[in-house]
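File shown: target_37.cif. Contents: mmCIF, N, CA and C atoms.
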data_my_file
#
loop_
_atom_site.label_atom_id
_atom_site.label_comp_id
_atom_site.auth_asym_id
_atom_site.auth_seq_id
_atom_site.Cartn_x
_atom_site.Cartn_y
_atom_site.Cartn_z
N MET A 366 4.70 98.72 139.63
CA MET A 366 6.16 98.85 139.70
C MET A 366 6.80 97.50 140.00
N ARG A 367 6.22 96.71 140.85
CA ARG A 367 6.80 95.42 141.20
C ARG A 367 6.79 94.47 140.01
N TYR A 368 5.73 94.55 139.20
CA TYR A 368 5.64 93.70 138.02
C TYR A 368 6.78 94.02 137.06
N SER A 369 7.14 95.27 136.93
CA SER A 369 8.22 95.68 136.04
C SER A 369 9.56 95.12 136.50
N ILE A 370 9.81 95.16 137.80
CA ILE A 370 11.07 94.62 138.33
C ILE A 370 11.12 93.11 138.12
N MET A 371 10.01 92.42 138.39
CA MET A 371 9.96 90.98 138.20
C MET A 371 10.19 90.62 136.73
N LEU A 372 9.58 91.37 135.83
CA LEU A 372 9.74 91.11 134.41
C LEU A 372 11.20 91.32 133.99
N GLN A 373 11.84 92.35 134.52
CA GLN A 373 13.24 92.59 134.20
C GLN A 373 14.12 91.45 134.72
N LEU A 374 13.84 90.95 135.92
CA LEU A 374 14.61 89.83 136.46
C LEU A 374 14.44 88.57 135.61
N VAL A 375 13.21 88.30 135.18
CA VAL A 375 12.96 87.13 134.36
C VAL A 375 13.67 87.25 133.02
N VAL A 376 13.61 88.41 132.40
CA VAL A 376 14.27 88.62 131.11
C VAL A 376 15.78 88.52 131.26
N ALA A 377 16.34 89.13 132.30
CA ALA A 377 17.79 89.08 132.52
C ALA A 377 18.24 87.65 132.76
N THR A 378 17.52 86.90 133.58
CA THR A 378 17.86 85.50 133.85
C THR A 378 17.78 84.66 132.59
N THR A 379 16.74 84.88 131.80
CA THR A 379 16.58 84.14 130.55
C THR A 379 17.73 84.44 129.59
N LEU A 380 18.12 85.70 129.48
CA LEU A 380 19.22 86.06 128.60
C LEU A 380 20.54 85.45 129.06
N VAL A 381 20.78 85.46 130.36
CA VAL A 381 22.03 84.89 130.88
C VAL A 381 22.07 83.38 130.63
N LEU A 382 20.98 82.69 130.93
CA LEU A 382 20.95 81.24 130.73
C LEU A 382 21.03 80.87 129.25
N THR A 383 20.37 81.63 128.40
CA THR A 383 20.43 81.37 126.96
C THR A 383 21.84 81.62 126.43
N GLY A 384 22.47 82.68 126.89
CA GLY A 384 23.85 82.95 126.48
C GLY A 384 24.81 81.87 126.94
N ALA A 385 24.65 81.40 128.17
CA ALA A 385 25.51 80.33 128.68
C ALA A 385 25.29 79.04 127.89
N ALA A 386 24.04 78.73 127.57
CA ALA A 386 23.75 77.53 126.79
C ALA A 386 24.36 77.63 125.39
N ALA A 387 24.28 78.79 124.78
CA ALA A 387 24.86 78.97 123.45
C ALA A 387 26.39 78.85 123.52
N PHE A 388 26.99 79.38 124.56
CA PHE A 388 28.44 79.30 124.71
C PHE A 388 28.90 77.86 124.87
N PHE A 389 28.22 77.10 125.73
CA PHE A 389 28.61 75.71 125.93
C PHE A 389 28.32 74.86 124.71
N ALA A 390 27.26 75.17 123.98
CA ALA A 390 26.99 74.45 122.73
C ALA A 390 28.10 74.71 121.72
N TRP A 391 28.57 75.96 121.67
CA TRP A 391 29.67 76.28 120.77
C TRP A 391 30.94 75.53 121.18
N LEU A 392 31.21 75.46 122.49
CA LEU A 392 32.38 74.74 122.96
C LEU A 392 32.32 73.26 122.57
N GLN A 393 31.14 72.68 122.67
CA GLN A 393 30.99 71.25 122.35
C GLN A 393 31.14 70.98 120.87
N ASN A 394 30.76 71.91 120.02
CA ASN A 394 30.68 71.65 118.59
C ASN A 394 31.81 72.27 117.78
N ARG A 395 32.77 72.93 118.42
CA ARG A 395 33.85 73.53 117.65
C ARG A 395 34.79 72.42 117.15
N PRO A 396 35.43 72.64 116.00
CA PRO A 396 36.31 71.59 115.46
C PRO A 396 37.54 71.40 116.34
N ALA A 397 38.00 70.17 116.42
CA ALA A 397 39.19 69.85 117.22
C ALA A 397 40.43 70.33 116.50
N GLU A 398 41.39 70.80 117.26
CA GLU A 398 42.65 71.24 116.67
C GLU A 398 43.51 70.00 116.41
N ILE A 399 44.06 69.91 115.21
CA ILE A 399 44.88 68.77 114.82
C ILE A 399 46.34 69.20 114.75
N GLU A 400 47.19 68.49 115.47
CA GLU A 400 48.61 68.80 115.43
C GLU A 400 49.22 68.20 114.17
N THR A 401 49.97 69.01 113.46
CA THR A 401 50.60 68.53 112.23
C THR A 401 52.11 68.56 112.35
N SER A 402 52.61 68.64 113.56
CA SER A 402 54.06 68.70 113.73
C SER A 402 54.68 67.33 113.47
N GLN A 403 55.94 67.34 113.15
CA GLN A 403 56.66 66.09 112.86
C GLN A 403 56.76 65.23 114.11
N ALA A 404 56.91 65.85 115.28
CA ALA A 404 57.02 65.09 116.52
C ALA A 404 55.74 64.31 116.80
N ALA A 405 54.60 64.93 116.54
CA ALA A 405 53.34 64.23 116.76
C ALA A 405 53.18 63.08 115.77
N ALA A 406 53.60 63.28 114.53
CA ALA A 406 53.51 62.22 113.53
C ALA A 406 54.43 61.07 113.90
N ASN A 407 55.61 61.37 114.40
CA ASN A 407 56.53 60.31 114.81
C ASN A 407 56.01 59.55 116.01
N ALA A 408 55.39 60.23 116.94
CA ALA A 408 54.86 59.57 118.12
C ALA A 408 53.72 58.62 117.75
N ILE A 409 52.96 58.98 116.75
CA ILE A 409 51.87 58.11 116.31
C ILE A 409 52.43 56.93 115.51
N ALA A 410 53.43 57.18 114.66
CA ALA A 410 53.96 56.14 113.78
C ALA A 410 54.78 55.11 114.55
N ALA A 411 55.56 55.55 115.50
CA ALA A 411 56.44 54.64 116.24
C ALA A 411 56.30 54.89 117.73
N PRO A 412 55.34 54.24 118.38
CA PRO A 412 55.17 54.45 119.82
C PRO A 412 56.39 53.94 120.59
N THR A 413 56.74 54.66 121.61
CA THR A 413 57.91 54.29 122.41
C THR A 413 57.53 53.29 123.47
N VAL A 414 58.50 52.45 123.84
CA VAL A 414 58.31 51.47 124.90
C VAL A 414 59.14 51.93 126.08
N GLU A 415 58.54 51.94 127.25
CA GLU A 415 59.26 52.38 128.43
C GLU A 415 60.35 51.38 128.78
N PRO A 416 61.49 51.88 129.25
CA PRO A 416 62.58 50.96 129.64
C PRO A 416 62.12 50.06 130.78
N GLY A 417 62.45 48.79 130.66
CA GLY A 417 62.09 47.83 131.71
C GLY A 417 60.70 47.25 131.55
N ALA A 418 59.94 47.72 130.58
CA ALA A 418 58.60 47.19 130.37
C ALA A 418 58.69 46.00 129.41
N HIS A 419 58.28 44.87 129.87
CA HIS A 419 58.30 43.67 129.04
C HIS A 419 56.88 43.22 128.79
N GLY A 420 56.55 43.06 127.53
CA GLY A 420 55.19 42.73 127.17
C GLY A 420 54.97 41.29 127.12
#

Rewrite the structure from the file as structure tokens, please.
Amino acid sequence: MRYSIMLQLVVATTLVLTGAAAFFAWLQNRPAEIETSQAAANAIAAPTVEPGAHG
């Protein structure tokens, strides 16, 4: 009986860790969202200079 409980704990732990690893791998490899709004394009094309900042 004890062997069965230990085996269940090992299998459950393995499944949880494997699932977490798969989830984090998916998070790392998913495509980045690209903003296509006009405001984002303007911010990239013409960066603003803060008032009082002299280069």

message = If I take CA of Ala386 in chain A and CA of Met371 in chain A, how far is one from the other in Å, to one decimal?
response = 22.4 Å

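Reported to one decimal place, the separation of atom N of Ala377 in chain A from atom N of Gln393 in chain A is 24.1 Å.
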
ask   = Between CA of Leu374 in chain A and CA of Phe389 in chain A, what is the distance, to one decimal in Å?
value =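 A separation of 22.5 Å between them.
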